[in-house]
There are 2 protein chains.
Amino acid sequence: MTRVKLQDVAERAGVSVTTVSRVLNNRGYLSKQTIQKVHQAMEELNYRPNAVARQLFKQKTDLVGLVFPTVNNPFFGELEAELEERLYELGYRVVMGNSQNNPQKEEQYLQLLLNGQIDGLIVGAHNEGIEAYHNTNLPIVSIERIVSKQIPVVAADNYTGGRLATQRLLDDGCQHIIHTNYPATSSTPNQERRRGYEELVNEHGMEKITYEISFDSPNEEKAAIFKQIFIDHPECDGIFADNDTNARLAINAARQAGKRVPEDVKVIGYDGASSTQLLFPDLTTIQQPIAEMAKVAVDLLQKRLADQSVSSVTLPVKLIPGTTA
Amino acid sequence: MTRVKLQDVAERAGVSVTTVSRVLNNRGYLSKQTIQKVHQAMEELNYRPNAVARQLFKQKTDLVGLVFPTVNNPFFGELEAELEERLYELGYRVVMGNSQNNPQKEEQYLQLLLNGQIDGLIVGAHNEGIEAYHNTNLPIVSIERIVSKQIPVVAADNYTGGRLATQRLLDDGCQHIIHTNYPATSSTPNQERRRGYEELVNEHGMEKITYEISFDSPNEEKAAIFKQIFIDHPECDGIFADNDTNARLAINAARQAGKRVPEDVKVIGYDGASSTQLLFPDLTTIQQPIAEMAKVAVDLLQKRLADQSVSSVTLPVKLIPGTTA
DNA sequence: GTGAAAGCGCTAACAC
DNA sequence: GTGTTAGCGCTTTCAC
C-alpha cells in the first residue's frame with residue numbers, strides 16, 4: 001500500500017499542501033469552507049500524517065530512552081512502569097533498553113540519543129566507564145546510579161536506609177549482622193547503604209562483614225554466595241540484603257543451612273516494590289519511594305530538555321515491617 | 001544538537017555528500033584515500049548521522065511497539081524483557097506501552113504504527129473493540145489475546161493447562177474446586193483454561209464455579225473477591241487461579257478465613273514467571289514457556305514485516321510442583 | 001486566506 | 001571513482 005501523503009489530500013481538496021498542513025495543525029487563518037473540504041479529503045483518503053517527516057523537521061521525536069539492567073525485576077519493573085506513565089502524560093513515548101548481560105547495549109542506547117532518534121535518556125544501568133556520558137551536557141537523568149558530574153541523580157536516601165535496616169536487626173537482638181551489596185567499585189549510590197550499615201555496627205562494637213554480589217550475575221551464583229555466607233559464618237544471626245530478591249535468596253540459604261527465619265536468623269531486604277509486597281508480603285524491608293523517584297526523574301528530564309539546569313535529588317525511605325525481621 | 005551534517009563533512013573532506021554517504025554505508029567503489037579523508041573529517045567534526053533523516057528515506061524506523069497491560073507484573077515483565085532481547089538481536093528497538101487503566105493508550109500505540117513511527121506491534125493488552133485492528137493486514141502479532149482474524153496469536157496451550165491444574169487438585173482429593181478467570185466476554189485464549197477446568201470437573205460430576213476477575217482491576221478489588229469466595233463457599237477446598245498473583249491473593253484470603261494452605265485448601269496458580277518462582281517458590285503452578293512465546297512472537301512479526309503470511313502458534317505448558325497444591 | 005518554495009538530513013538513481 | 005540531483009513527507013517563512 002502506497003502511503004497517502006499531504007499532496008494527495010491537497011489535490012483531492014483542490015488546495016495547496018500548505019493549506020492542508022495548516023488544517024492539520026490548526027494554525028493560521030483558514031476559511032470554514034476550506035477546513036471542511038480538507039477534512040473531507042483526509043477522511044476519504046484515510047490520511048495519516050507521517051510522524052518521521054514531522055520529526056525530521058521538528059528535530060524532536062518525543063521518544064525517551066529507559067536503560068536499566070532488566071525490566072524483569074520487581075524494582076525496575078515498577079520503576080519503568082511509573083516512568084512510562086509519567087512520560088506518556090507529557091506526550092513522550094518510551095524506548096526500553098535492558099542492558100543486563102550486555103554492556104554494549106547501554107552504549108547503543110546512548111547512540112540513539114546522539115543520533116537524534118530519542119530526545120532524552122533515563123538511565124540506571126550498572127555498566128561502568130562509558131565515554132560519551134562525559135562529552136557534553138546531554139538531556140540525561142540517572143536513577144540510583146552515578147554516571148558523571150554533569151548528570152543529575154535521583155536516589156532514595158540510601159544512607160538512612162542502611163541505618164534503618166541495620167537498626168531493625170539490632171533491635172531484634174542480632175549480634176552478627178552480615179550485609180550484601182554491589183562490589184564497592186560500582187558507581188551506585190546504594191554503596192551508601194553499606195556505609196549506613198558499617199557505621200552502625202561499628203558504633204555497637206560489632207564486626208562489619210559485607211559480601212559483594214553483582215546485580216547482574218545469575219541467581220544461581222547469588223544463591224551460592226548466600227550458601228557460602230552461612231558456611232563462613234555459622235554464627236550469623238542477621239542479614240541485611242541490598243535488595244528484596246537477595247533477601248529471598250538469603251532466607252532460602254538460611255533454611256537450607258538448617259536455620260529458621262526469623263527465630264535463628266533475621267533477614268531484612270531493600271526496595272519494597274509492589275509486586276514483591278504482593279508475592280512475598282512477609283518480608284521485612286526498606287521501601288524506596290519508587291513512584292516518587294520516577295516522578296522526580298521525569299521532572300528533571302523535562303527541565304534538562306528545556307535546557308534548564310537541575311541538581312540531584314534524594315528522597316526518603318521507610319521501613320515496612322514483616323515477619324522476617 | 002547534532003548540528004554537524006553530511007554536507008559539513010563533505011566540505012571538510014573536499015568531496016561530495018554522496019561520497020560521504022557511501023563511506024558511511026560502505027557502499028560502492030571508493031578509493032582508500034577518499035575513505036581515509038572522509039573518516040578523518042567525520043572524526044574532526046564529531047559527526048553523528050541523523051537517524052530520523054535516514055528513517056524518512058528508508059520508510060522504516062527499526063522500532064517495534066510492545067503493548068501490554070503493565071510491565072510491572074512477573075509475567076509481562078519477563079515476557080517484555082525476552083521480547084526486547086530477541087528484537088534487539090534483530091536490530092530493532094522497542095517502544096513500551098502499558099495500557100492498563102487507560103484503554104485509549106492501546107489505540108495511541110496503534111497510531112504510532114499507522115503514522116509510521118514504529119514498524120510493527122506486539123500486543124497483549126486487554127482492551128476490546130479497537131477498530132483499526134480490523135482495517136488491514138498490518139504487521140501485528142498478538143500474545144495470549146485474540147484481536148482480529150488477520151492477526152496471528154501466540155499462546156500457550158491453555159486448554160491443557162486448565163486440565164493439568166484441575167487434575168492436580170483432583171489428585172489432591174479436592175471436592176469443591178473453584179476457578180477464577182477473566183470475564184467471559186474477554187477475547188483472550190485463556191478462557192480455554194476455564195474450558196479445561198469446567199470439562200474436567202464435569203467429568204467428575206462436580207460443580208463448576210468460576211469467579212470472574214478482571215486483570216486490570218486493583219489488587220484490593222481482587223482481594224475482596226477472594227474473600228467473598230470463602231464466604232460464599234466455605235466448603236471450597238481447591239482453588240485454580242488464572243494467574244500467580246491471584247493465587248497469592250487466594251492464599252491470603254484462605255488464611256484470613258481461618259483455613260490452612262494446603263491442609264484445608266489447595267491452591268494452584270498459572271504463569272510460573274521467573275520472578276514469581278524466585279519470590280514465591282512454594283507455589284504450585286502451571287508454567288507458560290515465556291521465553292519461547294517471545295521468540296515465536298518475534299519470528300512471526302519478522303515474517304509479517306517481510307510480508308509473509310503466518311498462522312497462530314500454540315506452545316506447551318507444564319506443571320511446576322510446589323507445596324500449595 | 002492561500003500558495004510557492006526552501007529546507008529538515010540523508011540516500012540512490014543516473015551521469016560523467 | 002565521484003558528483004549532481006531528485007526525492008522521502010512535512011512545516012514554515014515570505015509573497016500575493
# chains A, B, ... in the order shown; residues from 1 in each chain; ligands from 1
>>> interface_residues(of="chain A", to="chain B", cutoff="7 Å", atoms="only C-alpha atoms", output="list in words")
Arg48, Pro49, Asn50, Ala51, Val52, Ala53, Gln55, Leu56, Thr70, Val71, Asn72, Asn73, Pro74, Gly77, Glu78, Ala81, Arg93, Val94, Val95, Met96, Leu114, Asn115, Gly116, Gln117, Thr245, Arg248, Ser275, Leu279 and Phe280 of chain A
>>> select_by_dssp(residues="stretch 22-86 of chain B", states="helix (DSSP H, G or I)", output="MDAnalysis selection string")
chainID B and resid 22:25 32:45 51:58 74:86
>>> write_last_selection(atoms="C-alpha atoms", output="CSV table (one decimal), in the first residue's frame")
chain,number,residue,atom,x,y,z
B,22,ARG,CA,28.9,6.0,0.6
B,23,VAL,CA,31.7,5.9,3.1
B,24,LEU,CA,29.1,5.9,5.9
B,25,ASN,CA,27.3,3.0,4.4
B,32,LYS,CA,41.3,4.2,0.0
B,33,GLN,CA,42.4,7.8,0.1
B,34,THR,CA,38.9,9.2,0.0
B,35,ILE,CA,37.7,6.8,2.7
B,36,GLN,CA,40.6,8.0,4.8
B,37,LYS,CA,39.9,11.7,4.2
B,38,VAL,CA,36.2,11.3,5.0
B,39,HIS,CA,36.8,9.3,8.1
B,40,GLN,CA,39.1,12.0,9.3
B,41,ALA,CA,36.7,14.7,8.6
B,42,MET,CA,34.0,12.9,10.5
B,43,GLU,CA,36.3,12.4,13.4
B,44,GLU,CA,37.3,16.0,13.5
B,45,LEU,CA,33.7,17.3,13.3
B,51,ALA,CA,18.7,8.6,12.3
B,52,VAL,CA,15.4,10.3,11.6
B,53,ALA,CA,16.5,11.6,8.1
B,54,ARG,CA,17.5,8.0,7.4
B,55,GLN,CA,14.2,6.7,8.6
B,56,LEU,CA,12.4,9.1,6.4
B,57,PHE,CA,14.2,7.9,3.4
B,58,LYS,CA,14.0,4.2,4.3
B,74,PRO,CA,6.0,-11.1,36.8
B,75,PHE,CA,4.5,-12.5,33.6
B,76,PHE,CA,4.6,-9.4,31.4
B,77,GLY,CA,7.9,-8.2,32.9
B,78,GLU,CA,9.6,-11.4,31.8
B,79,LEU,CA,7.8,-11.5,28.5
B,80,GLU,CA,8.7,-8.0,27.6
B,81,ALA,CA,12.3,-8.5,28.7
B,82,GLU,CA,12.5,-11.5,26.4
B,83,LEU,CA,10.8,-9.7,23.6
B,84,GLU,CA,13.2,-6.8,23.9
B,85,GLU,CA,16.2,-9.1,23.8
B,86,ARG,CA,15.0,-11.0,20.8
>>> closest_atom_pairs(of="chain B", to="chain D", cutoff="7 Å", atoms="only C-alpha atoms (C1' of nucleotides)", output="tab-separated table")
residue	atom	partner	partner_atom	distance
B:Ser16	CA	D:DG3	C1'	6.2
B:Thr19	CA	D:DT2	C1'	6.9
B:Tyr29	CA	D:DG1	C1'	6.1
B:Leu30	CA	D:DG1	C1'	5.8
B:Ser31	CA	D:DG1	C1'	6.8
B:Leu56	CA	D:DC8	C1'	5.3
B:Phe57	CA	D:DC8	C1'	4.3
>>> interface_residues(of="chain C", to="chain B", cutoff="9 Å", atoms="only C-alpha atoms (C1' of nucleotides)", output="ChimeraX atom specification")
/C:8-12
>>> residues_around(residues="A:Leu319", least_positions_apart="3", cutoff="12 Å", atoms="only C-alpha atoms (C1' of nucleotides)", output="MDAnalysis selection string")
chainID A and resid 160:169 268:272 283:289 316 322 325
>>> select_by_dssp(residues="stretch 40-287 of chain A", states="strand (DSSP E)", output="NGL selection string")
:A and (63-68 or 93-98 or 120-123 or 140-143 or 153-156 or 177-181 or 209-212 or 238-240 or 266-271 or 284-287)
>>> atom_distance(atom1="atom CA of A:Phe215", atom2="atom CA of B:Ala297")
28.7 Å
>>> residues_around(residues="stretch 261-263 of chain B", least_positions_apart="5", cutoff="8 Å", atoms="only C-alpha atoms (C1' of nucleotides)", output="ChimeraX atom specification")
/B:251,254-255,323-325
>>> atom_distance(atom1="atom CA of A:Ser186", atom2="atom CA of A:Val310")
23.9 Å
>>> atom_distance(atom1="atom CA of A:Gln175", atom2="atom CA of A:Asp232")
15.7 Å
>>> residues_around(residues="B:Leu300", least_positions_apart="5", cutoff="10 Å", atoms="only C-alpha atoms (C1' of nucleotides)", output="VMD selection string")
chain B and resid 122 139 to 142 152 to 154 294 to 295 305 to 306 308 to 313
>>> write_last_selection(atoms="all heavy atoms", output="tab-separated table (two decimals), in the first residue's frame")
chain	number	residue	atom	x	y	z
B	122	ILE	N	3.63	-5.70	18.84
B	122	ILE	CA	3.30	-6.96	19.51
B	122	ILE	C	2.38	-6.60	20.66
B	122	ILE	O	2.76	-5.80	21.53
B	122	ILE	CB	4.56	-7.69	20.00
B	122	ILE	CG1	5.46	-8.04	18.80
B	122	ILE	CG2	4.19	-8.97	20.76
B	122	ILE	CD1	6.74	-8.77	19.17
B	139	PRO	N	1.50	-5.23	10.25
B	139	PRO	CA	2.48	-6.10	10.90
B	139	PRO	C	2.28	-6.13	12.42
B	139	PRO	O	2.97	-5.45	13.17
B	139	PRO	CB	3.82	-5.46	10.52
B	139	PRO	CG	3.50	-4.05	10.22
B	139	PRO	CD	2.10	-4.00	9.73
B	140	ILE	N	1.30	-6.92	12.82
B	140	ILE	CA	0.97	-7.03	14.23
B	140	ILE	C	0.92	-8.49	14.63
B	140	ILE	O	0.43	-9.33	13.86
B	140	ILE	CB	-0.41	-6.39	14.53
B	140	ILE	CG1	-0.45	-4.93	14.07
B	140	ILE	CG2	-0.75	-6.50	16.01
B	140	ILE	CD1	-1.77	-4.24	14.33
B	141	VAL	N	1.45	-8.79	15.79
B	141	VAL	CA	1.35	-10.14	16.35
B	141	VAL	C	0.78	-9.99	17.74
B	141	VAL	O	1.07	-9.02	18.45
B	141	VAL	CB	2.74	-10.83	16.40
B	141	VAL	CG1	2.66	-12.12	17.19
B	141	VAL	CG2	3.27	-11.07	15.00
B	142	SER	N	-0.05	-10.93	18.12
B	142	SER	CA	-0.65	-10.83	19.44
B	142	SER	C	-0.20	-12.00	20.31
B	142	SER	O	0.09	-13.09	19.81
B	142	SER	CB	-2.16	-10.80	19.27
B	142	SER	OG	-2.79	-11.57	20.24
B	152	PRO	N	-2.16	-12.94	13.85
B	152	PRO	CA	-1.78	-14.22	14.42
B	152	PRO	C	-1.60	-14.12	15.94
B	152	PRO	O	-1.16	-13.10	16.46
B	152	PRO	CB	-0.45	-14.53	13.74
B	152	PRO	CG	0.10	-13.21	13.35
B	152	PRO	CD	-1.08	-12.35	13.02
B	153	VAL	N	-1.92	-15.20	16.61
B	153	VAL	CA	-1.85	-15.24	18.06
B	153	VAL	C	-0.81	-16.26	18.51
B	153	VAL	O	-0.79	-17.39	18.02
B	153	VAL	CB	-3.21	-15.66	18.67
B	153	VAL	CG1	-3.13	-15.68	20.20
B	153	VAL	CG2	-4.32	-14.74	18.21
B	154	VAL	N	0.04	-15.86	19.42
B	154	VAL	CA	0.94	-16.81	20.07
B	154	VAL	C	0.37	-17.06	21.46
B	154	VAL	O	0.16	-16.13	22.23
B	154	VAL	CB	2.37	-16.25	20.20
B	154	VAL	CG1	3.26	-17.24	20.93
B	154	VAL	CG2	2.94	-15.93	18.83
B	294	ALA	N	7.98	-15.53	23.47
B	294	ALA	CA	8.57	-14.30	22.96
B	294	ALA	C	9.30	-14.57	21.65
B	294	ALA	O	9.17	-13.83	20.68
B	294	ALA	CB	9.53	-13.71	24.00
B	295	LYS	N	10.03	-15.65	21.64
B	295	LYS	CA	10.81	-15.99	20.46
B	295	LYS	C	9.88	-16.22	19.26
B	295	LYS	O	10.12	-15.68	18.16
B	295	LYS	CB	11.60	-17.27	20.75
B	295	LYS	CG	12.60	-17.66	19.69
B	295	LYS	CD	13.42	-18.86	20.18
B	295	LYS	CE	14.26	-19.43	19.05
B	295	LYS	NZ	13.45	-19.70	17.83
B	305	LEU	N	6.59	-8.63	8.79
B	305	LEU	CA	7.28	-7.45	8.28
B	305	LEU	C	7.84	-7.71	6.89
B	305	LEU	O	8.01	-6.79	6.09
B	305	LEU	CB	8.42	-7.04	9.23
B	305	LEU	CG	7.96	-6.39	10.53
B	305	LEU	CD1	9.11	-6.31	11.53
B	305	LEU	CD2	7.41	-4.99	10.28
B	306	ALA	N	8.11	-8.98	6.60
B	306	ALA	CA	8.59	-9.35	5.27
B	306	ALA	C	7.41	-9.75	4.39
B	306	ALA	O	7.59	-10.35	3.33
B	306	ALA	CB	9.59	-10.48	5.39
B	308	GLN	N	5.25	-11.98	4.66
B	308	GLN	CA	4.89	-13.39	4.53
B	308	GLN	C	3.65	-13.65	5.36
B	308	GLN	O	3.38	-12.96	6.34
B	308	GLN	CB	6.04	-14.27	5.04
B	308	GLN	CG	7.33	-14.09	4.24
B	308	GLN	CD	8.49	-14.82	4.88
B	308	GLN	OE1	8.31	-15.84	5.52
B	308	GLN	NE2	9.69	-14.28	4.72
B	309	SER	N	2.90	-14.67	4.96
B	309	SER	CA	1.72	-14.99	5.75
B	309	SER	C	2.11	-15.97	6.86
B	309	SER	O	3.02	-16.78	6.69
B	309	SER	CB	0.64	-15.62	4.87
B	309	SER	OG	1.06	-16.87	4.43
B	310	VAL	N	1.47	-15.83	7.98
B	310	VAL	CA	1.81	-16.67	9.12
B	310	VAL	C	0.52	-17.14	9.78
B	310	VAL	O	-0.54	-16.57	9.56
B	310	VAL	CB	2.62	-15.88	10.16
B	310	VAL	CG1	3.91	-15.39	9.57
B	310	VAL	CG2	1.82	-14.72	10.70
B	311	SER	N	0.61	-18.17	10.58
B	311	SER	CA	-0.58	-18.57	11.33
B	311	SER	C	-0.26	-18.62	12.82
B	311	SER	O	0.89	-18.55	13.23
B	311	SER	CB	-1.11	-19.90	10.82
B	311	SER	OG	-0.07	-20.71	10.35
B	312	SER	N	-1.30	-18.74	13.59
B	312	SER	CA	-1.17	-18.73	15.04
B	312	SER	C	-0.40	-19.95	15.52
B	312	SER	O	-0.34	-20.98	14.85
B	312	SER	CB	-2.55	-18.69	15.67
B	312	SER	OG	-3.18	-17.48	15.33
B	313	VAL	N	0.19	-19.81	16.71
B	313	VAL	CA	1.02	-20.88	17.26
B	313	VAL	C	0.60	-21.14	18.71
B	313	VAL	O	0.34	-20.22	19.46
B	313	VAL	CB	2.51	-20.48	17.24
B	313	VAL	CG1	3.36	-21.52	17.95
B	313	VAL	CG2	3.00	-20.28	15.82
